[in-house]
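Next up, final-v2.txt (compact mmCIF, C-alpha atoms):
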# COMPACT_ATOMS: atom_id res chain seq x y z
CA MET A 16 4.52 -6.19 20.23
CA GLY A 17 6.59 -8.23 17.77
CA PRO A 18 10.04 -7.39 16.39
CA GLU A 19 8.40 -5.71 13.38
CA GLY A 20 6.96 -3.01 15.66
CA GLU A 21 3.52 -1.40 15.65
CA LEU A 22 1.62 1.76 14.86
CA HIS A 23 -0.18 3.53 17.71
CA LEU A 24 -3.07 5.89 16.96
CA ARG A 25 -4.51 7.99 19.79
CA LEU A 26 -7.68 10.02 19.29
CA TRP A 27 -8.88 12.75 21.64
CA LEU A 28 -12.67 13.25 21.50
CA ARG A 29 -14.57 16.42 22.34
CA ASP A 30 -18.04 17.75 21.49
CA GLY A 31 -18.88 15.01 19.01
CA ARG A 32 -15.67 15.29 17.05
CA ILE A 33 -12.12 13.97 16.96
CA ALA A 34 -10.40 16.99 18.41
CA SER A 35 -6.80 15.81 18.19
CA VAL A 36 -4.83 12.95 16.64
CA GLN A 37 -1.46 11.44 17.53
CA LEU A 38 0.13 8.74 15.38
CA ARG A 39 3.44 7.17 16.28
CA SER A 40 5.41 4.18 15.10
CA THR A 41 7.68 1.69 16.86
CA ARG A 42 8.80 0.12 13.57
CA PRO A 43 12.57 -0.46 13.69
CA ASP A 44 14.95 0.87 11.06
CA VAL A 45 15.83 -2.54 9.64
CA ALA A 46 18.20 -1.12 7.04
CA ALA A 47 20.30 0.71 9.63
CA THR A 48 20.38 -2.08 12.20
CA LEU A 49 20.54 -5.27 10.14
CA LEU A 50 21.64 -4.49 6.58
CA ARG A 51 24.46 -1.99 6.88
CA GLY A 52 27.87 -3.64 6.64
CA ARG A 53 26.69 -6.71 4.71
CA THR A 54 28.06 -7.94 1.40
CA PRO A 55 25.84 -8.03 -1.73
CA PRO A 56 25.30 -11.82 -1.54
CA GLU A 57 24.36 -11.48 2.13
CA LEU A 58 21.92 -8.68 1.32
CA LYS A 59 20.24 -10.64 -1.49
CA ALA A 60 19.73 -13.57 0.85
CA ALA A 61 18.68 -11.59 3.93
CA VAL A 62 16.24 -9.01 2.61
CA PRO A 63 13.40 -11.29 1.39
CA ARG A 64 13.56 -13.24 4.66
CA LEU A 65 13.44 -10.15 6.87
CA PHE A 66 10.02 -9.06 5.62
CA ALA A 67 7.04 -11.34 6.18
CA ILE A 68 4.85 -8.98 4.10
CA CYS A 69 5.88 -7.86 0.61
CA GLY A 70 9.02 -10.01 0.84
CA ALA A 71 9.15 -10.55 -2.93
CA SER A 72 9.09 -6.85 -3.78
CA GLN A 73 11.59 -6.07 -1.00
CA GLY A 74 13.93 -8.59 -2.62
CA VAL A 75 13.41 -7.06 -6.05
CA ALA A 76 14.18 -3.54 -4.80
CA CYS A 77 17.33 -4.80 -3.08
CA ARG A 78 18.58 -6.58 -6.21
CA LEU A 79 17.92 -3.53 -8.35
CA ALA A 80 19.77 -1.20 -5.97
CA LEU A 81 22.75 -3.57 -5.83
CA ALA A 82 22.89 -3.84 -9.62
CA ALA A 83 22.82 -0.07 -10.00
CA ALA A 84 25.53 0.39 -7.37
CA ALA A 85 27.73 -2.18 -9.13
CA GLY A 86 27.48 -0.19 -12.36
CA SER A 87 25.42 -2.83 -14.16
CA PRO A 88 21.83 -1.57 -14.13
CA PRO A 89 19.28 -4.06 -15.47
CA ASP A 90 18.25 -4.01 -19.10
CA ALA A 91 14.65 -3.61 -20.28
CA GLU A 92 13.98 -7.35 -20.25
CA SER A 93 15.21 -7.71 -16.68
CA LEU A 94 13.14 -4.73 -15.54
CA SER A 95 10.07 -6.22 -17.20
CA SER A 96 10.70 -9.46 -15.31
CA CYS A 97 11.02 -7.51 -12.06
CA SER A 98 7.73 -5.71 -12.74
CA ALA A 99 6.05 -9.05 -13.40
CA GLU A 100 7.33 -10.37 -10.07
CA VAL A 101 5.89 -7.35 -8.26
CA ALA A 102 2.60 -7.61 -10.19
CA ALA A 103 2.22 -11.26 -9.14
CA GLU A 104 2.72 -10.26 -5.52
CA ILE A 105 0.06 -7.55 -5.89
CA VAL A 106 -2.40 -10.15 -7.22
CA ARG A 107 -1.67 -12.46 -4.30
CA ASP A 108 -1.91 -9.72 -1.68
CA SER A 109 -4.94 -7.87 -3.06
CA SER A 110 -6.83 -11.11 -3.67
CA ARG A 111 -6.26 -12.26 -0.10
CA ARG A 112 -7.51 -8.95 1.25
CA ALA A 113 -10.62 -8.94 -0.92
CA LEU A 114 -11.51 -12.63 -0.65
CA LEU A 115 -10.60 -13.47 2.95
CA ASP A 116 -10.28 -10.20 4.89
CA ALA A 117 -13.35 -8.42 3.50
CA PRO A 118 -15.82 -11.05 4.78
CA ARG A 119 -14.29 -10.88 8.26
CA HIS A 120 -14.70 -7.10 8.30
CA LEU A 121 -18.41 -7.81 7.72
CA ASP A 122 -18.59 -10.53 10.42
CA GLU A 123 -19.10 -13.07 7.64
CA SER A 124 -17.22 -16.26 6.86
CA PRO A 125 -15.50 -16.42 3.46
CA SER A 126 -17.54 -18.44 0.97
CA LYS A 127 -16.27 -21.74 -0.36
CA ALA A 128 -15.68 -20.11 -3.74
CA ALA A 129 -13.72 -17.27 -2.11
CA VAL A 130 -11.48 -19.68 -0.21
CA GLN A 131 -10.86 -21.72 -3.35
CA ALA A 132 -10.06 -18.58 -5.35
CA ALA A 133 -7.73 -17.32 -2.60
CA ARG A 134 -5.81 -20.58 -2.77
CA ILE A 135 -5.39 -20.13 -6.51
CA ALA A 136 -4.23 -16.53 -6.01
CA MET A 137 -1.57 -17.66 -3.50
CA HIS A 138 0.25 -19.35 -6.38
CA TRP A 139 -0.22 -16.60 -8.96
CA PRO A 140 0.59 -16.70 -11.81
CA ALA A 141 -1.54 -19.84 -11.58
CA PRO A 142 -1.26 -22.75 -14.01
CA GLU A 143 -5.01 -23.50 -13.95
CA PRO A 144 -6.59 -22.41 -17.28
CA GLN A 145 -9.68 -21.10 -15.47
CA ALA A 146 -7.76 -19.26 -12.74
CA GLU A 147 -8.61 -15.76 -13.94
CA SER A 148 -12.30 -16.60 -14.35
CA MET A 149 -12.55 -18.23 -10.90
CA LEU A 150 -10.85 -15.29 -9.22
CA ALA A 151 -12.99 -12.71 -11.03
CA GLN A 152 -16.24 -14.50 -10.21
CA ALA A 153 -15.32 -14.75 -6.53
CA LEU A 154 -14.22 -11.12 -6.40
CA PHE A 155 -16.76 -9.39 -8.62
CA GLY A 156 -19.52 -11.87 -9.40
CA MET A 157 -18.72 -11.37 -13.11
CA SER A 158 -15.73 -11.45 -15.44
CA ALA A 159 -12.87 -9.00 -15.00
CA ASP A 160 -13.73 -7.37 -18.32
CA GLU A 161 -17.38 -6.89 -17.29
CA TRP A 162 -16.34 -5.39 -13.98
CA LEU A 163 -13.81 -3.04 -15.58
CA ALA A 164 -16.62 -1.82 -17.87
CA LEU A 165 -18.31 -0.37 -14.76
CA ASP A 166 -16.37 2.81 -15.33
CA THR A 167 -18.64 5.55 -13.95
CA PRO A 168 -19.57 6.35 -10.36
CA ALA A 169 -23.19 5.45 -11.14
CA THR A 170 -22.45 2.00 -12.55
CA MET A 171 -19.98 1.30 -9.77
CA ALA A 172 -22.57 2.37 -7.19
CA GLY A 173 -25.02 -0.07 -8.77
CA TRP A 174 -22.55 -2.94 -8.42
CA ILE A 175 -21.81 -2.01 -4.82
CA SER A 176 -25.48 -1.75 -3.83
CA ALA A 177 -26.26 -5.13 -5.41
CA GLY A 178 -23.78 -6.69 -2.96
CA ARG A 179 -23.24 -9.89 -4.93
CA THR A 180 -19.86 -10.57 -3.31
CA ALA A 181 -18.28 -9.76 0.04
CA THR A 182 -15.95 -7.45 -1.86
CA ALA A 183 -18.94 -5.34 -2.94
CA ARG A 184 -20.63 -5.50 0.45
CA GLU A 185 -17.52 -4.20 2.20
CA LEU A 186 -17.56 -1.15 -0.07
CA GLN A 187 -21.14 -0.34 1.01
CA HIS A 188 -19.69 0.90 4.30
CA LEU A 189 -17.04 3.14 2.78
CA VAL A 190 -18.97 6.02 1.24
CA ASP A 191 -18.04 8.89 3.55
CA GLY A 192 -18.21 12.56 2.68
CA ASN A 193 -17.44 13.75 6.21
CA ALA A 194 -13.67 14.20 6.09
CA CYS A 195 -13.09 17.69 7.45
CA SER A 196 -9.52 18.38 6.42
CA PRO A 197 -7.72 18.14 3.10
CA THR A 198 -5.86 14.86 2.99
CA ALA A 199 -2.25 14.26 1.97
CA ALA A 200 -1.16 14.80 -1.62
CA LEU A 201 -0.89 11.73 -3.82
CA LEU A 202 2.61 10.85 -4.98
CA PRO A 203 2.92 11.12 -8.78
CA SER A 204 2.13 7.92 -10.62
CA THR A 205 5.55 7.59 -12.30
CA PRO A 206 8.15 7.00 -9.54
CA SER A 207 11.22 7.43 -11.72
CA ASP A 208 10.15 11.02 -12.42
CA HIS A 209 10.14 12.15 -8.80
CA ILE A 210 12.23 9.92 -6.50
CA GLY A 211 15.39 11.85 -7.25
CA GLN A 212 13.65 15.07 -6.18
CA TRP A 213 13.16 14.02 -2.56
CA LEU A 214 15.55 11.16 -1.72
CA PRO A 215 18.55 12.37 0.34
CA GLU A 216 22.07 11.17 -0.33
CA PRO A 217 22.99 7.83 1.31
CA GLY A 218 23.90 8.32 4.95
CA VAL A 219 22.40 11.84 5.05
CA ASP A 220 19.26 12.73 7.05
CA GLY A 221 18.91 9.45 8.90
CA GLY A 222 15.35 10.22 9.96
CA PHE A 223 13.99 10.58 6.43
CA ALA A 224 13.12 6.91 6.05
CA ARG A 225 10.90 7.06 9.14
CA GLN A 226 9.06 10.24 8.11
CA PRO A 227 9.46 10.80 4.35
CA LEU A 228 8.31 14.01 2.69
CA TRP A 229 7.54 15.01 -0.89
CA ARG A 230 7.95 18.73 -1.62
CA GLY A 231 8.28 19.27 2.11
CA ARG A 232 4.96 17.62 2.98
CA PRO A 233 3.61 14.14 3.74
CA ALA A 234 2.16 12.25 0.78
CA GLU A 235 0.12 9.14 0.07
CA THR A 236 1.19 6.19 -2.04
CA GLY A 237 -0.46 2.97 -3.23
CA ALA A 238 -2.92 1.84 -5.88
CA LEU A 239 -4.83 5.11 -5.54
CA ALA A 240 -1.71 7.11 -6.45
CA ARG A 241 -0.92 4.77 -9.34
CA LEU A 242 -4.47 4.98 -10.75
CA GLN A 243 -5.21 8.62 -9.93
CA ALA A 244 -5.58 9.42 -13.65
CA ASP A 245 -8.07 6.58 -14.22
CA PRO A 246 -11.39 8.29 -15.10
CA LEU A 247 -13.47 6.34 -12.57
CA VAL A 248 -10.94 6.74 -9.78
CA ALA A 249 -10.57 10.45 -10.52
CA ALA A 250 -14.36 10.90 -10.42
CA LEU A 251 -14.62 9.06 -7.10
CA LEU A 252 -11.83 11.21 -5.67
CA ARG A 253 -13.78 14.35 -6.51
CA ASP A 254 -16.85 13.00 -4.69
CA ASP A 255 -15.23 11.42 -1.61
CA ARG A 256 -12.80 13.53 0.38
CA SER A 257 -12.18 10.73 2.86
CA ARG A 258 -10.72 8.58 0.04
CA GLY A 259 -11.95 5.34 1.63
CA LEU A 260 -14.03 4.23 -1.35
CA PRO A 261 -11.58 5.48 -4.03
CA ARG A 262 -8.70 3.59 -2.39
CA HIS A 263 -10.58 0.29 -2.42
CA VAL A 264 -11.90 0.77 -5.95
CA ALA A 265 -8.42 1.66 -7.22
CA ARG A 266 -7.00 -1.48 -5.61
CA LEU A 267 -9.72 -3.63 -7.19
CA ARG A 268 -9.38 -2.02 -10.63
CA GLU A 269 -5.66 -2.64 -10.57
CA LEU A 270 -6.30 -6.24 -9.54
CA ALA A 271 -8.79 -6.75 -12.36
CA GLN A 272 -6.37 -5.24 -14.87
CA LEU A 273 -3.58 -7.54 -13.70
CA LEU A 274 -5.87 -10.55 -13.96
CA ARG A 275 -6.47 -9.55 -17.57
CA GLY A 276 -2.74 -9.51 -18.26
CA ALA A 277 -1.85 -5.83 -17.88
CA GLN A 278 1.91 -5.23 -17.65
CA PRO A 279 2.45 -1.93 -15.82
CA VAL A 280 5.92 -0.64 -15.00
CA LEU A 281 6.28 -1.49 -11.32
CA ALA A 282 10.07 -1.53 -10.87
CA GLY A 283 13.07 0.55 -11.85
CA VAL A 284 16.39 2.12 -10.94
CA LEU A 285 17.74 5.66 -10.85
CA ASP A 286 20.84 6.87 -12.63
CA THR A 287 23.37 7.20 -9.81
CA PRO A 288 27.12 7.74 -9.37
CA ALA A 289 29.38 4.71 -9.11
CA GLY A 290 28.98 2.84 -5.84
CA ILE A 291 25.51 4.24 -5.15
CA GLY A 292 22.35 2.36 -6.08
CA VAL A 293 18.65 3.20 -5.92
CA GLY A 294 16.08 0.55 -6.77
CA TRP A 295 12.35 1.07 -6.52
CA VAL A 296 9.19 -0.99 -6.80
CA ASP A 297 5.53 0.04 -6.63
CA ASN A 298 3.99 -2.83 -4.68
CA ALA A 299 0.58 -3.59 -3.20
CA ARG A 300 0.96 -0.94 -0.49
CA GLY A 301 2.78 1.64 -2.56
CA LEU A 302 6.21 2.98 -3.42
CA LEU A 303 9.16 1.13 -1.87
CA VAL A 304 12.69 2.46 -2.34
CA HIS A 305 16.00 0.80 -1.48
CA GLN A 306 19.08 3.01 -1.51
CA LEU A 307 22.62 1.97 -0.67
CA ARG A 308 26.27 2.93 -0.96
CA LEU A 309 28.80 0.15 -1.62
CA ALA A 310 32.47 0.46 -0.63
CA ASP A 311 35.06 -2.23 -0.06
CA GLY A 312 32.52 -4.87 -1.02
CA ARG A 313 30.00 -3.96 1.70
CA ALA A 314 27.00 -1.69 2.19
CA GLN A 315 28.40 1.32 4.01
CA ALA A 316 24.94 2.93 4.03
CA TYR A 317 21.50 1.42 3.45
CA ARG A 318 18.11 3.13 3.49
CA ILE A 319 14.64 1.68 2.92
CA VAL A 320 11.73 4.09 2.39
CA ALA A 321 8.60 1.96 2.72
CA PRO A 322 4.92 2.63 1.89
CA THR A 323 3.79 2.43 5.51
CA GLU A 324 6.07 5.33 6.44
CA TRP A 325 4.49 7.43 3.68
CA ASN A 326 0.88 6.55 4.46
CA PHE A 327 1.23 6.60 8.25
CA HIS A 328 3.38 9.68 8.58
CA PRO A 329 2.50 11.41 11.90
CA ASP A 330 1.18 14.42 9.98
CA GLY A 331 -0.02 12.57 6.90
CA ALA A 332 -3.11 10.92 5.44
CA VAL A 333 -4.43 9.36 8.66
CA THR A 334 -4.05 12.44 10.83
CA MET A 335 -5.39 14.78 8.17
CA ALA A 336 -8.47 12.64 7.51
CA LEU A 337 -9.37 12.16 11.19
CA GLN A 338 -8.57 15.59 12.59
CA GLY A 339 -11.92 17.31 13.23
CA ALA A 340 -13.98 14.43 11.84
CA PRO A 341 -17.37 13.73 13.48
CA ALA A 342 -17.49 10.94 16.07
CA SER A 343 -20.58 10.44 18.20
CA ASP A 344 -18.68 8.33 20.75
CA ALA A 345 -15.53 6.29 21.23
CA ASP A 346 -16.90 3.30 19.30
CA ASP A 347 -17.79 5.51 16.35
CA ALA A 348 -14.30 7.05 16.39
CA ARG A 349 -12.69 3.62 16.44
CA ARG A 350 -14.88 2.42 13.56
CA ARG A 351 -13.97 5.47 11.49
CA ALA A 352 -10.27 5.03 12.27
CA GLY A 353 -10.42 1.30 11.55
CA ARG A 354 -11.92 1.82 8.10
CA LEU A 355 -9.31 4.44 7.29
CA ILE A 356 -6.47 2.20 8.46
CA ASN A 357 -7.87 -0.71 6.49
CA SER A 358 -8.05 1.39 3.33
CA LEU A 359 -4.37 2.34 3.68
CA ASP A 360 -3.31 -1.21 4.63
CA PRO A 361 -0.24 -0.88 6.88
CA CYS A 362 2.23 -3.75 6.94
CA VAL A 363 2.07 -3.90 10.77
CA VAL A 364 -0.64 -3.79 13.41
CA CYS A 365 -2.12 -0.39 14.22
CA GLN A 366 -3.48 -0.02 17.75
CA VAL A 367 -6.25 2.58 18.24
CA GLU A 368 -6.91 4.34 21.56
CA THR A 369 -9.55 6.95 22.33
CA VAL A 370 -9.36 9.57 25.09
CA ASP A 371 -11.97 12.07 26.26
CA ALA A 372 -10.40 15.49 25.82
Full structure transcribed into structure tokens:
Amino acid sequence: MGPEGELHLRLWLRDGRIASVQLRSTRPDVAATLLRGRTPPELKAAVPRLFAICGASQGVACRLALAAAAGSPPDAESLSSCSAEVAAEIVRDSSRRALLDAPRHLDESPSKAAVQAARIAMHWPAPEPQAESMLAQALFGMSADEWLALDTPATMAGWISAGRTATARELQHLVDGNACSPTAALLPSTPSDHIGQWLPEPGVDGGFARQPLWRGRPAETGALARLQADPLVAALLRDDRSRGLPRHVARLRELAQLLRGAQPVLAGVLDTPAGIGVGWVDNARGLLVHQLRLADGRAQAYRIVAPTEWNFHPDGAVTMALQGAPASDADDARRRAGRLINSLDPCVVCQVETVDA
């Protein structure tokens, strides 16, 4: 286990089903152990380096929280620049997953075109004039506009069944109507409208960052939450209680939209009293919130509420989707769990263990 910690998922099997689920995390509270007591310049320098995954958006959230705490919240132009920084990170991250990880999930090697496109995505926004076209062809086998026009479950199913790219072939394995329990609620798609409803005061309820709740219950965040009002995504959600396919399609639709130049609001601050700052970003994995209290030039309290803690809450989306689900044997249970974990995309390793109940 590395310093970033792990997730541990234990499944008890009985009578052809997953009878019980236990999910625990060894992820450290980085904010409490490494960020509290630092000066603003130290925080700006440290935060992006502390996080190997989503480092850019972690840095953005930190800068926004510091600006708000200093009484100089960013103007509209600065917020737009922050959103663009987060959007570029989403393109890089989602492209890597679709172009390089998807083939490996299928026991395939990434194609030459996929590798070339992934290299372009690593430097997004890319200077190459054909960057968008090359990425779209490797991802979808067509232009981004053509793929976005597949806006009904039937047309999307046709693209998936054709299997022209590894991205499509991976989705062939995700249609699953066998989830037995309602899954976690989706966080609302506009973070600034709801963060203030559930975020405790700085220094209060130290365990909240590890097990966040919305309206007293676990919730899910990510591209699916952001695009829950999209007609195609909403239709897929009605048909697939497991959410595996809708999550992947939402992530790909968002990626296609960003390739076409969409400029969603992906960063912001809350109105807070002097000395307190809350900055948020909606990154590839979901809603990330940095909250701090400044006094005497240092962070007297610092809290980070990260997407993995939402999506892998012990009683949240993973547990609710697996509890009572069919599993013919241990291998089947691990496959089901692996697909679910992959669709939620934690920022650390998740170990899966099965036990005969």
Contact residues around Thr369 of chain A with all atoms listed in the file at 7 Å, ignoring same-chain residues under 6 positions, as a VMD selection string: chain A and resid 25 to 27 345
One number please: atom CA of Asp108 of chain A to atom CA of Gly74 of chain A, in Å, one decimal.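 The value is 15.9 Å.
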Interface rows for segment 248-326 of chain A against segment 206-213 of chain A: nearest pair, Å to one decimal, 10 Å, all atoms listed in the file, as JSON lines:
{"residue": "A:Val280", "atom": "CA", "partner": "A:Pro206", "partner_atom": "CA", "distance": 9.7}
{"residue": "A:Leu281", "atom": "CA", "partner": "A:Pro206", "partner_atom": "CA", "distance": 8.9}
{"residue": "A:Ala282", "atom": "CA", "partner": "A:Pro206", "partner_atom": "CA", "distance": 8.8}
{"residue": "A:Gly283", "atom": "CA", "partner": "A:Ser207", "partner_atom": "CA", "distance": 7.1}
{"residue": "A:Val284", "atom": "CA", "partner": "A:Ser207", "partner_atom": "CA", "distance": 7.5}
{"residue": "A:Leu285", "atom": "CA", "partner": "A:Ser207", "partner_atom": "CA", "distance": 6.8}
{"residue": "A:Asp286", "atom": "CA", "partner": "A:Gly211", "partner_atom": "CA", "distance": 9.1}
{"residue": "A:Thr287", "atom": "CA", "partner": "A:Gly211", "partner_atom": "CA", "distance": 9.6}
{"residue": "A:Val293", "atom": "CA", "partner": "A:Ile210", "partner_atom": "CA", "distance": 9.3}
{"residue": "A:Gly294", "atom": "CA", "partner": "A:Ser207", "partner_atom": "CA", "distance": 9.8}
{"residue": "A:Trp295", "atom": "CA", "partner": "A:Pro206", "partner_atom": "CA", "distance": 7.9}
{"residue": "A:Val296", "atom": "CA", "partner": "A:Pro206", "partner_atom": "CA", "distance": 8.5}
{"residue": "A:Asp297", "atom": "CA", "partner": "A:Pro206", "partner_atom": "CA", "distance": 8.0}
{"residue": "A:Leu302", "atom": "CA", "partner": "A:Pro206", "partner_atom": "CA", "distance": 7.6}
{"residue": "A:Leu303", "atom": "CA", "partner": "A:Pro206", "partner_atom": "CA", "distance": 9.7}
{"residue": "A:Val304", "atom": "CA", "partner": "A:Ile210", "partner_atom": "CA", "distance": 8.6}
As an mmCIF file with C-alpha atoms, in the frame of the given file, please: the residues near Leu239 of chain A (cut-off 7 Å, all atoms listed in the file, same-chain neighbours under 3 positions excluded).
data_model
loop_
_atom_site.group_PDB
_atom_site.id
_atom_site.type_symbol
_atom_site.label_atom_id
_atom_site.label_comp_id
_atom_site.auth_asym_id
_atom_site.auth_seq_id
_atom_site.Cartn_x
_atom_site.Cartn_y
_atom_site.Cartn_z
ATOM 1 C CA LEU A 242 -4.470 4.980 -10.750
ATOM 2 C CA GLN A 243 -5.210 8.620 -9.930
ATOM 3 C CA PRO A 261 -11.580 5.480 -4.030
ATOM 4 C CA ARG A 262 -8.700 3.590 -2.390
ATOM 5 C CA ALA A 265 -8.420 1.660 -7.220
ATOM 6 C CA ARG A 266 -7.000 -1.480 -5.610
#
If you count all atoms listed in the file, the residue of A:Pro203, A:Ser126, A:Thr323, A:Pro227 closest to Val364 of chain A turns out to be A:Thr323
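Using all atoms listed in the file, the nearest neighbour of Met171 of chain A within the list A:Arg241, A:Val45, A:Arg268, A:Ala132 is A:Arg268.
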Any idea what the distance is between atom CA of Ala310 of chain A and atom CA of Ala60 of chain A?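 According to the coordinates, atom CA of Ala310 of chain A and atom CA of Ala60 of chain A are separated by 19.0 Å.
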Which is closer to Leu252 of chain A than all the others in A:Gly301, A:Pro329, A:Pro168, A:Pro56, using all atoms listed in the file?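 With all atoms listed in the file as the atom set, the closest residue is A:Pro168.
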Which residues come within 12 Å of Met335 of chain A, counting all atoms listed in the file, excluding same-chain residues fewer than 3 positions away, as a PyMOL selection string? chain A and resi 33-38+194-200+232-235+256-258+326-332+338-340+352+355
One decimal, Å: what's the distance from atom CA of Pro55 of chain A over to atom CA of Glu216 of chain A, could you say? 19.6 Å
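Shell of Gln278 of chain A at 12 Å, with all atoms listed in the file counted and residues fewer than 5 places along the chain excluded, is Leu94, Ser95, Ser96, Cys97, Ser98, Ala99, Glu100, Val101, Ala102, Ala103, Glu269, Leu270, Gln272 and Leu273 of chain A.
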